[in-house]
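Here the structure is laid out as structure tokens; the discussion comes afterwards.
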Amino acid sequence: MIRKLSFGQYKFRKSLMHKLSPHLKIIYVIILSILVFAVRDLPGILFFSVFILIMVALAKLDFKDLARNMQPFYSIFIFILLMYIIFSPAQLKQGFIAIWRFLMLIIISLLLTFTTAISNIAAAIEKLSKPLKIFNINPRNLAIMISITIRFVPVMFINLEKLKEAMLARLANFKKLKYIKLIMLVLLGRMFKSASSLSDAMHSRMYNENAESRKMMKLGKYDYMSIVIVALLVLVIY
Amino acid sequence: MIEIKDLYFKYYEKFILRNINLKIKERSFTAIIGANGSGKTTLAKHINALLLPTKGSVIVDGTNTKKDEISARKKVGFVFQNFEDQIVYSTVEEDIAFGLENLELKNNEMVRIVEEMLSKLNIKNLAKSNVNMLSSGQKQLVALAGVLAMGPEYLVLDEPTTMLDAKNKKNIIKIMRDLNEKEGISIILVTNILDDLGYANHVVVLKNGSVIFNDKKSKLSKRMLREAGLDD
């Protein structure tokens with residue numbers, strides 16, 4: 001269960017990736033996620049994969065840990081592959097590329113969440129989403145929503161596991177749709193209850209949607225270096 | 001002082017609280033006890049202005065919660081029974097700073113207060129830890145630190161020992177006593193565990209949403225506890 005608790009959660013390290021500005025990291029996640037879809041051939045795939053693996057190494061993240069975090073997605077990879085094998089065997093190569101893209105997207109997002117404290121992600125999102133104010137979207141609300149989502153993903157996994165064990169102990173059979181529907185409904189109910197408690201707790205700690213994050217985020221030399229590297233990557237891939 | 005006057009609270013056509021009249025003095029240690037469903041948490045939420053009275057009033061240091069919820073919340077901190085749901089951010093130091101962000105404090109001031117809280121509750125070693133990896137006792141301390149960081153004059157703790165083992169239970173009770181005796185924070189302890197009453201000097205007993213006892217702890221009798229469904 002402890003393994004699931006660390007899913008996508010910040011890991012404190014003294015690394016280059018940890019030092020980068022959260023604003024830039026969020027922008028890089030967007031750029032890299034777009035670039036993944038621009039890569040279409042084997043040399044491009046290899047080049048991009050090596051780049052991402054170097055980023056993982058620079059973040060001083062454990063590759064085994066990363067692989068463990070991928071486990072929930074393995075079934076989706078197999079599902080995608082099976083779909084290609086059954087419905088489009090001639091385009092199996094495309095299936096592998098689709099899985100690779102999916103894998104890269106997960107690693108890119110994990111790189112952000114592993115190396116950036118949630119409050120920094122929230123502060124960066126808050127600053128980056130300021131233009132959304134013209135659409136009446138409050139940047140702090142948006143940032144807090146994202147932070148809470150990241151915080152509660154592992155809690156949801158724990159609840160799911162506890163619930164599953166409790167149901168199995170009373171002979172539930174998860175091969176039947178009835179039980180899957182039931183576990184989802186109960187889980188949803190519990191998450192709504194948690195959300196309601198959290199909302200109370202935030203009110204009691206005087207949640208202020210107009211408070212701006214006080215975090216000062218100045219760009220350092222590593223940030224400027226990273227801008228050059230990502231710009232070069234974009235040029236090479238396009 | 002917190003004054004609760006003729007408080008009624010209705011939820012879905014049912015009165016959860018009826019005719020509550022209480023005074024909670026500064027620097028006091030008050031325990032609100034009662035069986036499950038007696039309305040303890042509902043009453044506690046009124047003190048923090050999370051709930052507002054259907055009838056009557058809750059006045060915190062002269063401010064009616066109906067007129068100014070924010071002032072009441074600044075004065076009254078609230079530690080929830082399920083502290084897991086109280087923690088907003090993923091790391092300990094970030095979560096302690098959450099309330100301070102809302103108070104719009106400057107960054108260096110926030111850092112100073114967070115460090116002070118970490119030292120005070122002896123959790124400095126957990127500053128960078130992921131809250132999901134902490135034990136129940138540690139999470140309880142993080143939740144408490146987050147509330148104390150905001151400098152409340154009154155502190156409501158809703159069944160703080162229910163989810164803790166004996167060692168952590170002792171620790172949290174000692175912290176409550178220190179906060180009350182050394183720092184002068186008024187403690188309002190909501191509980192149905194009689195062992196937790198140790199340091200309380202005033203006890204309020206609730207039964208079916210009404211106060212059936214409101215006096216010094218020394219005057220609390222076994223008969224009263226039996227009537228409240230807290231003793232066999």
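Starting from 1 in every chain, residues are counted up; chains themselves are A, B, ... following the order of the structure tokens, and ligands are numbered from 1 as listed.
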Show me, as a list of chain:residue names, the residues of chain A whose atoms get within 7 Å of chain B, using only C-alpha atoms for the distance check.
A:Leu5, A:Phe12, A:Ile118, A:Ser119, A:Ser147, A:Ile148, A:Arg151, A:Ser194, A:Ser197, A:Leu198, A:Asp200, A:Ala201, A:Ser204, A:Arg205, A:Met206, A:Tyr207, A:Asn208, A:Ala211, A:Ser213, A:Arg214, A:Lys215
Find the residues near stretch 176-187 of chain B: any atom within 7 Å, counting only C-alpha atoms, skip ones fewer than 4 places away on the same chain, and give them as an MDAnalysis selection string.
chainID B and resid 26:30 153:156 172 199
Export of prior selection with N, CA, C and O atoms as a PDB file, in the first residue's frame:
```
ATOM      1  N   GLU B  26     -11.520  33.023  28.565  1.00  0.00           N
ATOM      2  CA  GLU B  26     -10.133  33.016  28.094  1.00  0.00           C
ATOM      3  C   GLU B  26      -9.298  32.138  29.031  1.00  0.00           C
ATOM      4  O   GLU B  26      -9.550  32.101  30.229  1.00  0.00           O
ATOM      5  N   ARG B  27      -8.321  31.500  28.468  1.00  0.00           N
ATOM      6  CA  ARG B  27      -7.349  30.661  29.181  1.00  0.00           C
ATOM      7  C   ARG B  27      -7.972  29.456  29.882  1.00  0.00           C
ATOM      8  O   ARG B  27      -7.336  28.817  30.711  1.00  0.00           O
ATOM      9  N   SER B  28      -9.229  29.153  29.554  1.00  0.00           N
ATOM     10  CA  SER B  28      -9.873  28.006  30.213  1.00  0.00           C
ATOM     11  C   SER B  28      -9.602  26.723  29.416  1.00  0.00           C
ATOM     12  O   SER B  28      -9.151  26.773  28.269  1.00  0.00           O
ATOM     13  N   PHE B  29      -9.888  25.593  30.039  1.00  0.00           N
ATOM     14  CA  PHE B  29      -9.787  24.292  29.367  1.00  0.00           C
ATOM     15  C   PHE B  29     -11.150  23.633  29.526  1.00  0.00           C
ATOM     16  O   PHE B  29     -11.482  23.112  30.596  1.00  0.00           O
ATOM     17  N   THR B  30     -11.938  23.718  28.473  1.00  0.00           N
ATOM     18  CA  THR B  30     -13.317  23.226  28.528  1.00  0.00           C
ATOM     19  C   THR B  30     -13.444  21.937  27.735  1.00  0.00           C
ATOM     20  O   THR B  30     -12.944  21.855  26.602  1.00  0.00           O
ATOM     21  N   GLU B 153      -6.581  32.213  19.543  1.00  0.00           N
ATOM     22  CA  GLU B 153      -6.680  32.426  20.990  1.00  0.00           C
ATOM     23  C   GLU B 153      -7.489  31.304  21.630  1.00  0.00           C
ATOM     24  O   GLU B 153      -7.391  31.057  22.826  1.00  0.00           O
ATOM     25  N   TYR B 154      -8.326  30.669  20.795  1.00  0.00           N
ATOM     26  CA  TYR B 154      -9.107  29.524  21.257  1.00  0.00           C
ATOM     27  C   TYR B 154      -8.804  28.372  20.292  1.00  0.00           C
ATOM     28  O   TYR B 154      -8.654  28.593  19.097  1.00  0.00           O
ATOM     29  N   LEU B 155      -8.750  27.176  20.839  1.00  0.00           N
ATOM     30  CA  LEU B 155      -8.462  26.032  19.981  1.00  0.00           C
ATOM     31  C   LEU B 155      -9.484  24.929  20.237  1.00  0.00           C
ATOM     32  O   LEU B 155      -9.604  24.432  21.359  1.00  0.00           O
ATOM     33  N   VAL B 156     -10.226  24.577  19.172  1.00  0.00           N
ATOM     34  CA  VAL B 156     -11.204  23.497  19.291  1.00  0.00           C
ATOM     35  C   VAL B 156     -10.561  22.230  18.745  1.00  0.00           C
ATOM     36  O   VAL B 156     -10.050  22.229  17.619  1.00  0.00           O
ATOM     37  N   ILE B 172      -0.531  14.156  22.698  1.00  0.00           N
ATOM     38  CA  ILE B 172      -1.457  15.220  22.278  1.00  0.00           C
ATOM     39  C   ILE B 172      -2.115  15.850  23.514  1.00  0.00           C
ATOM     40  O   ILE B 172      -2.346  17.073  23.551  1.00  0.00           O
ATOM     41  N   TYR B 199      -7.056  17.285  32.079  1.00  0.00           N
ATOM     42  CA  TYR B 199      -6.662  18.660  32.406  1.00  0.00           C
ATOM     43  C   TYR B 199      -7.805  19.673  32.270  1.00  0.00           C
ATOM     44  O   TYR B 199      -7.599  20.864  32.475  1.00  0.00           O
TER      45      TYR B 199
END
```
Could you tell me how far atom CA of A:Leu232 lies from atom CA of A:Leu35, in Å and to one decimal?
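If I compute the distance from atom CA of A:Leu232 to atom CA of A:Leu35, I get 12.1 Å.
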Name the residues in contact with B:Met1 at a cut-off of 8 Å, using only C-alpha atoms, excluding same-chain residues fewer than 5 positions from it; report them as a PyMOL selection string.
chain B and resi 23-26+60-62
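Of the residues under consideration (B:Asn125, B:Asn36, B:Thr54, B:Asn208), B:Thr54 shows the shortest atom-to-atom contact distance to B:Tyr12 when counting only C-alpha atoms.
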Smallest atom-to-atom distance to A:Gln71: which of A:Tyr222, A:Asn120, A:Ile106, A:Met156, using only C-alpha atoms?
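Using only C-alpha atoms, A:Gln71 sits closest to A:Ile106.
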Would you mind listing what lies within 8 Å of A:Ala124 as a ChimeraX atom specification, with only C-alpha atoms counted and same-chain residues fewer than 6 positions away left out?
/A:22-23,26
Taking only stretch 127-233 of chain A into account, list the residues labelled alpha helix (DSSP H) by DSSP (computed from the backbone), as a PyMOL selection string.
chain A and resi 127-128+139-169+177-204+221-233
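Within the 10 Å cut-off around B:Leu197, using only C-alpha atoms and omitting residues fewer than 5 positions from it on the same chain, the listed residues are Phe29, Thr30, Ala31, Ile32, Ile33, Ile173, Leu189, Val190, Thr191, Asn192, His202, Val203 and Lys217 of chain B.
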Can you list, as a VMD selection string, every protein, DNA or RNA residue that comes within 9 Å of A:Met55 when you count only C-alpha atoms, leaving out same-chain residues fewer than 5 positions away?
chain A and resid 17 50 60 111
Name all residues at most 7 Å from A:His18 (count only C-alpha atoms; drop same-chain ones fewer than 3 positions away) and give them as an NGL selection string.
:A and (13-15 or 59 or 115-116)
Among listed residues B:Gly151, B:Leu141, B:Lys207, B:Asp196, nearest B:Ala166 (using only C-alpha atoms)
B:Asp196
